[in-house]
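K.L.:
Structure below; questions to follow.
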Amino acid sequence: MEVDKGKGEAEETRKVAEADRDTVTLKSSDGKLFEVSKEAAARLSTVLAGMIAGGSIDDNGTDLKQIGSEALENVVDYCNKHANSIPSAALISSSISFNTAPFKEPEEWERKFVDRLSHDALFDLVEAANFLGMERLLDVTCHKISEMMKGKSPDQIREVFNIKNDYTKEELEEIRQELAWAFYDD
Amino acid sequence: MAEASGEARVTPAGAECRINALGNDVLLRAISFLEARQLVQTCVLSRRWRNLWRSVSRINATHHEFDVMVDSEEERSVRFKKFTNALLMLRNPVALDAFRLSYFMPGYQEPAAPHADREEDANLWIDHALQSNARSVEIGVLNGSLVLNPAVFASNCFLTSLQLSRVILRRGFFRNLQTGCAALESLLLSGCGIYDIEISSETLKILAIDDSSYFTTDKQLSISIPSLSYLGFSASSRIPLLKNMGSLVTASVSVSADSKGATIDGIYQFLRSLSAVTNLDFNFKGTMKMEKNSQWCPKFNNLTALTLGGWCLSADYVLKIFLQNCPNLVKLNVKLEKCNYTSQTIISKLKGKEGSATCENMEILEIECSEGDRKVLEKLLVEGGYNLMEC
């Protein structure tokens with residue numbers, strides 16, 4: 001039965017493709033081309049949705065001058081994975097759990113997706129997601145950043161993110177006193 | 001240095017600082033996932049971070065962030081109170097998207113005074129969050145339980161999602177929720193004590209009351225929510241009266257035969273109010289006294305996925321009657337606690353007397369079983385002509 005269903009869907013997709021292309025081509029700042037499902041792009045990115053609706057998509061590759069090829073590849077990869085991971089209606093309704101707050105914890109595949117990124121690739125992806133208005137991807141990547149800070153001392157956080165401490169000793173002391181309710185001397 | 005830190009991908013010294021190059025909106029989004037005390041402490045990282053914490057739109061205040069500091073529970077609570085008061089007072093007046101409170105309540109054997117004070121604090125914070133336009137509020141309580149003041153929810157707010165765990169809901173809570181929280185779509189209750197016997201709403205889409213929740217009265221509960229699409233109900237109570245459930249698509253319910261008034265008619269009324277759903281997970285606790293005459297089972301014309309517990313095999317006719325009333329069923333899932341049925345028994349219960357399958361459209365049969373030999377079961381089911389889906 002599963003196979004038959006797949007066939008049906010493939011035929012549907014082909015029909016759509018005959019009438020209209022079902023992918024869009026995106027061009028990175030360094031000139032590389034990537035294809036992504038139009039449906040997924042429009043669903044996951046408010047900026048791409050706007051461009052698709054407004055007809056400003058170039059068949060030869062829509063220029064995204066702010067995004068390098070590695071980040072764009074990750075964006076496209078995320079869109080494709082997202083499109084494939086949509087559970088069937090039956091699964092969604094049977095798996096409603098105590099997790100329906102506006103922010104949903106990253107799913108297993110989303111965690112893996114961001115965990116494999118290098119430090120720079122993660123930040124490139126955060127910036128790309130922000131530029132393209134990809135709310136979910138921005139949440140997932142920002143959540144990863146918070147996990148890199150979680151439970152660490154300020155010194156450890158500075159080290160992980162290479163943050164230069166530009167306070168004077170006196171300023172730091174002043175802040176700690178002002179916000180003593182959050183620090184105490186521990 | 002690199003070894004000491006234990007981080008796989010520590011930025012090499014001299015590399016640029018990527019995080020400080022992010023815009024404030026993005027940085028705020030990242031640190032809003034932190035627990036509240038660590039969030040505030042980011043102010044010491046560098047000048048760039050000094051006041052960021054004041055503008056986050058998500059607050060996650062957890063009592064356990066103060067656990068390691070002092071031994072005395074009393075002192076921890078004093079510090080947590082000071083902290084949360086200051087945080088809510090000193091943050092910038094930006095709209096609060098989400099407020100989460102993990103709280104600690106002393107047990108009931110302890111003196112009454114700290115109870116009242118702590119309850120008052122928590123209620124004030126929740127009130128503050130709602131007045132700051134919070135869309136999502138999540139309250140979890142450790143150890144004891146927290147009595148919520150229903151009045152907190154009575155004034156207009158933007159709440160869409162409310163999740164409560166180990167909270168006592170005094171009489172009037174649901175009425176206030178209906179008047180004050182006119183945008184509420186999701187209400188999840190876990191381990192809650194509920195005084196109301198009427199739950200009605202015009203906006204809720206998701207309602208779940210889990211099996212560690214309880215109702216304080218043995219009067220029959222009535223639930224009337226025309227907008228509801230998902231109902232999860234397994235609290236210990238009498239079988240509730242469901243009214244106006246026209247939008248319901250999925251129900252996951254567990255009722256008990258031991259509770260007063262679980263008559264054949266009561267079960268029929270209950271199931272009939274669920275009879276338009278497409279997905280049903282129905283569990284019946286206690287001994288089945290359902291009659292062979294099938295008067296307890298309405299027609300489920302829309303039902304495509306049905307999950308039943310092992311109780312449905314307790315009498316020969318139960319499963320068969322169910323299936324006879326589900327003409328469009330595609331997937332049946334039987335959850336067994338113990339595999340004390342042979343699969344031949346299950347198959348014979350699935351089939352009519354002539355040996356033909358009861359549901360024409362049925363494609364998937366899953367048997368979930370925590371004990372026993374599942375493989376043998378599957379093999380036999382396949383021989384019996386049923387497709388099995390791996391799960």
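If you're wondering about the labels, chains in the structure tokens are A, B, ... by order shown, residues count from 1 in each chain, ligands from 1 in order shown.
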Enumerate as a ChimeraX atom specification the residues belonging to chain B that approach chain A to within 7 Å, with only C-alpha atoms taken into account.

P.N.:
/B:9-11,17-19,29-31,33-34,37,40-42,44-47,69,82-83,136,161,188,250

K.L.:
Write out as a PDB file with all heavy atoms, in the first residue's frame each polymer residue whose atoms come within 8 Å of Glu202 in chain B, counting only C-alpha atoms; drop sequence neighbours fewer than 5 positions from it.

P.N.:
ATOM      1  N   GLN B 178     -12.599  31.354  30.542  1.00  0.00           N
ATOM      2  CA  GLN B 178     -13.460  31.615  29.392  1.00  0.00           C
ATOM      3  C   GLN B 178     -13.667  33.117  29.182  1.00  0.00           C
ATOM      4  O   GLN B 178     -13.663  33.591  28.045  1.00  0.00           O
ATOM      5  CB  GLN B 178     -14.805  30.924  29.610  1.00  0.00           C
ATOM      6  CG  GLN B 178     -15.601  30.761  28.344  1.00  0.00           C
ATOM      7  CD  GLN B 178     -16.906  30.038  28.612  1.00  0.00           C
ATOM      8  OE1 GLN B 178     -17.181  29.584  29.731  1.00  0.00           O
ATOM      9  NE2 GLN B 178     -17.730  29.924  27.591  1.00  0.00           N
ATOM     10  N   ILE B 225     -17.198  22.071  24.462  1.00  0.00           N
ATOM     11  CA  ILE B 225     -16.238  22.918  23.736  1.00  0.00           C
ATOM     12  C   ILE B 225     -16.419  22.716  22.231  1.00  0.00           C
ATOM     13  O   ILE B 225     -15.798  21.846  21.624  1.00  0.00           O
ATOM     14  CB  ILE B 225     -14.776  22.589  24.133  1.00  0.00           C
ATOM     15  CG1 ILE B 225     -14.628  22.545  25.663  1.00  0.00           C
ATOM     16  CG2 ILE B 225     -13.820  23.607  23.537  1.00  0.00           C
ATOM     17  CD1 ILE B 225     -13.270  22.123  26.153  1.00  0.00           C
ATOM     18  N   PRO B 226     -17.269  23.523  21.600  1.00  0.00           N
ATOM     19  CA  PRO B 226     -17.557  23.303  20.172  1.00  0.00           C
ATOM     20  C   PRO B 226     -16.341  23.473  19.265  1.00  0.00           C
ATOM     21  O   PRO B 226     -16.342  22.960  18.148  1.00  0.00           O
ATOM     22  CB  PRO B 226     -18.640  24.341  19.859  1.00  0.00           C
ATOM     23  CG  PRO B 226     -18.680  25.263  21.015  1.00  0.00           C
ATOM     24  CD  PRO B 226     -18.096  24.571  22.184  1.00  0.00           C
ATOM     25  N   SER B 227     -15.301  24.191  19.729  1.00  0.00           N
ATOM     26  CA  SER B 227     -14.138  24.433  18.868  1.00  0.00           C
ATOM     27  C   SER B 227     -13.072  23.343  19.005  1.00  0.00           C
ATOM     28  O   SER B 227     -12.082  23.341  18.293  1.00  0.00           O
ATOM     29  CB  SER B 227     -13.517  25.779  19.255  1.00  0.00           C
ATOM     30  OG  SER B 227     -13.306  25.831  20.657  1.00  0.00           O
TER      31      SER B 227
END

K.L.:
Considering only C-alpha atoms, can you say which of B:Ser314, B:Thr62, B:Thr217, B:Ser55 comes closest to Ser32 in chain B?

P.N.:
B:Ser55

K.L.:
Rounded to one decimal, what separation in Å do you get between CA of Thr160 in chain B and CA of Arg135 in chain B?

P.N.:
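Atom-to-atom, CA of Thr160 in chain B to CA of Arg135 in chain B, that is 5.2 Å.
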
K.L.:
Using only C-alpha atoms for the distances, tell me which of A:Glu110, A:Glu135, A:Glu73, A:Asp115 is nearest to Asp30 in chain A.

P.N.:
A:Glu73

K.L.:
I'd like the neighbourhood of Asn60 in chain A as a ChimeraX atom specification, where a residue qualifies if any of its atoms comes within 10 Å (using only C-alpha atoms), though same-chain residues fewer than 4 positions away should be ignored.

P.N.:
/A:24-27,33

K.L.:
Hey, can you spit out that residue selection with N, CA, C and O atoms as an mmCIF file, in the first residue's frame?

P.N.:
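Below you can see part37.cif, which holds the result:
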data_model
loop_
_atom_site.group_PDB
_atom_site.id
_atom_site.type_symbol
_atom_site.label_atom_id
_atom_site.label_comp_id
_atom_site.auth_asym_id
_atom_site.auth_seq_id
_atom_site.Cartn_x
_atom_site.Cartn_y
_atom_site.Cartn_z
ATOM 1 N N VAL A 24 12.579 26.221 -7.049
ATOM 2 C CA VAL A 24 13.187 27.516 -7.373
ATOM 3 C C VAL A 24 14.701 27.355 -7.297
ATOM 4 O O VAL A 24 15.203 26.532 -6.534
ATOM 5 N N THR A 25 15.397 28.134 -8.100
ATOM 6 C CA THR A 25 16.854 28.079 -8.096
ATOM 7 C C THR A 25 17.406 29.305 -7.369
ATOM 8 O O THR A 25 17.005 30.433 -7.662
ATOM 9 N N LEU A 26 18.280 29.035 -6.414
ATOM 10 C CA LEU A 26 18.859 30.126 -5.625
ATOM 11 C C LEU A 26 20.358 30.194 -5.899
ATOM 12 O O LEU A 26 21.014 29.174 -6.084
ATOM 13 N N LYS A 27 20.872 31.408 -5.934
ATOM 14 C CA LYS A 27 22.278 31.608 -6.274
ATOM 15 C C LYS A 27 23.000 32.249 -5.084
ATOM 16 O O LYS A 27 22.584 33.291 -4.585
ATOM 17 N N LEU A 33 24.714 27.500 -7.686
ATOM 18 C CA LEU A 33 23.257 27.368 -7.816
ATOM 19 C C LEU A 33 22.721 26.218 -6.977
ATOM 20 O O LEU A 33 23.335 25.149 -6.898
#

K.L.:
Between A:Ser29, A:Ser45, A:Ser37, A:Thr23, which is the closest to Met134 in chain A once you count only C-alpha atoms?

P.N.:
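Checking each of A:Ser29, A:Ser45, A:Ser37, A:Thr23 against Met134 in chain A, counting only C-alpha atoms, the winner is A:Ser45.
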
K.L.:
Need the shell around Leu164 in chain B: protein/DNA/RNA residues with any atom at most 6 Å away, counting only C-alpha atoms. Skip same-chain ones fewer than 2 positions apart. Format as a PyMOL selection string?

P.N.:
chain B and resi 138-139+189

K.L.:
Tell me, which residues of range 157-195 of chain B carry DSSP alpha helix (DSSP H), written as a compact mmCIF listing (two decimals) with C-alpha atoms, in the first residue's frame?

P.N.:
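After the write, result-v9.txt holds the following:
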# COMPACT_ATOMS: atom_id res chain seq x y z
CA PHE B 173 -11.10 28.65 37.22
CA PHE B 174 -12.67 27.49 33.97
CA ARG B 175 -15.32 30.21 33.99
CA ASN B 176 -12.66 32.88 34.46
CA LEU B 177 -10.53 31.32 31.76
CA GLN B 178 -13.46 31.61 29.39
CA THR B 179 -14.04 35.31 30.10
CA GLY B 180 -10.42 36.48 30.54

K.L.:
If you run DSSP on this backbone, which residues of range 93-321 of chain B come out as strand (DSSP E), and could you give them as a PyMOL selection string?

P.N.:
chain B and resi 98-105+136-143+146-148+161-165+167-169+186-190+193-194+198-200+206-209+214-215+222-224+230-233+241-243+250-256+279-285+305-309

K.L.:
Can you pull out the residues contacting Ser190 in chain B? Cut-off 6 Å, using only C-alpha atoms, and skip same-chain residues under 3 positions away; I want them as a ChimeraX atom specification.

P.N.:
/B:165,210,213
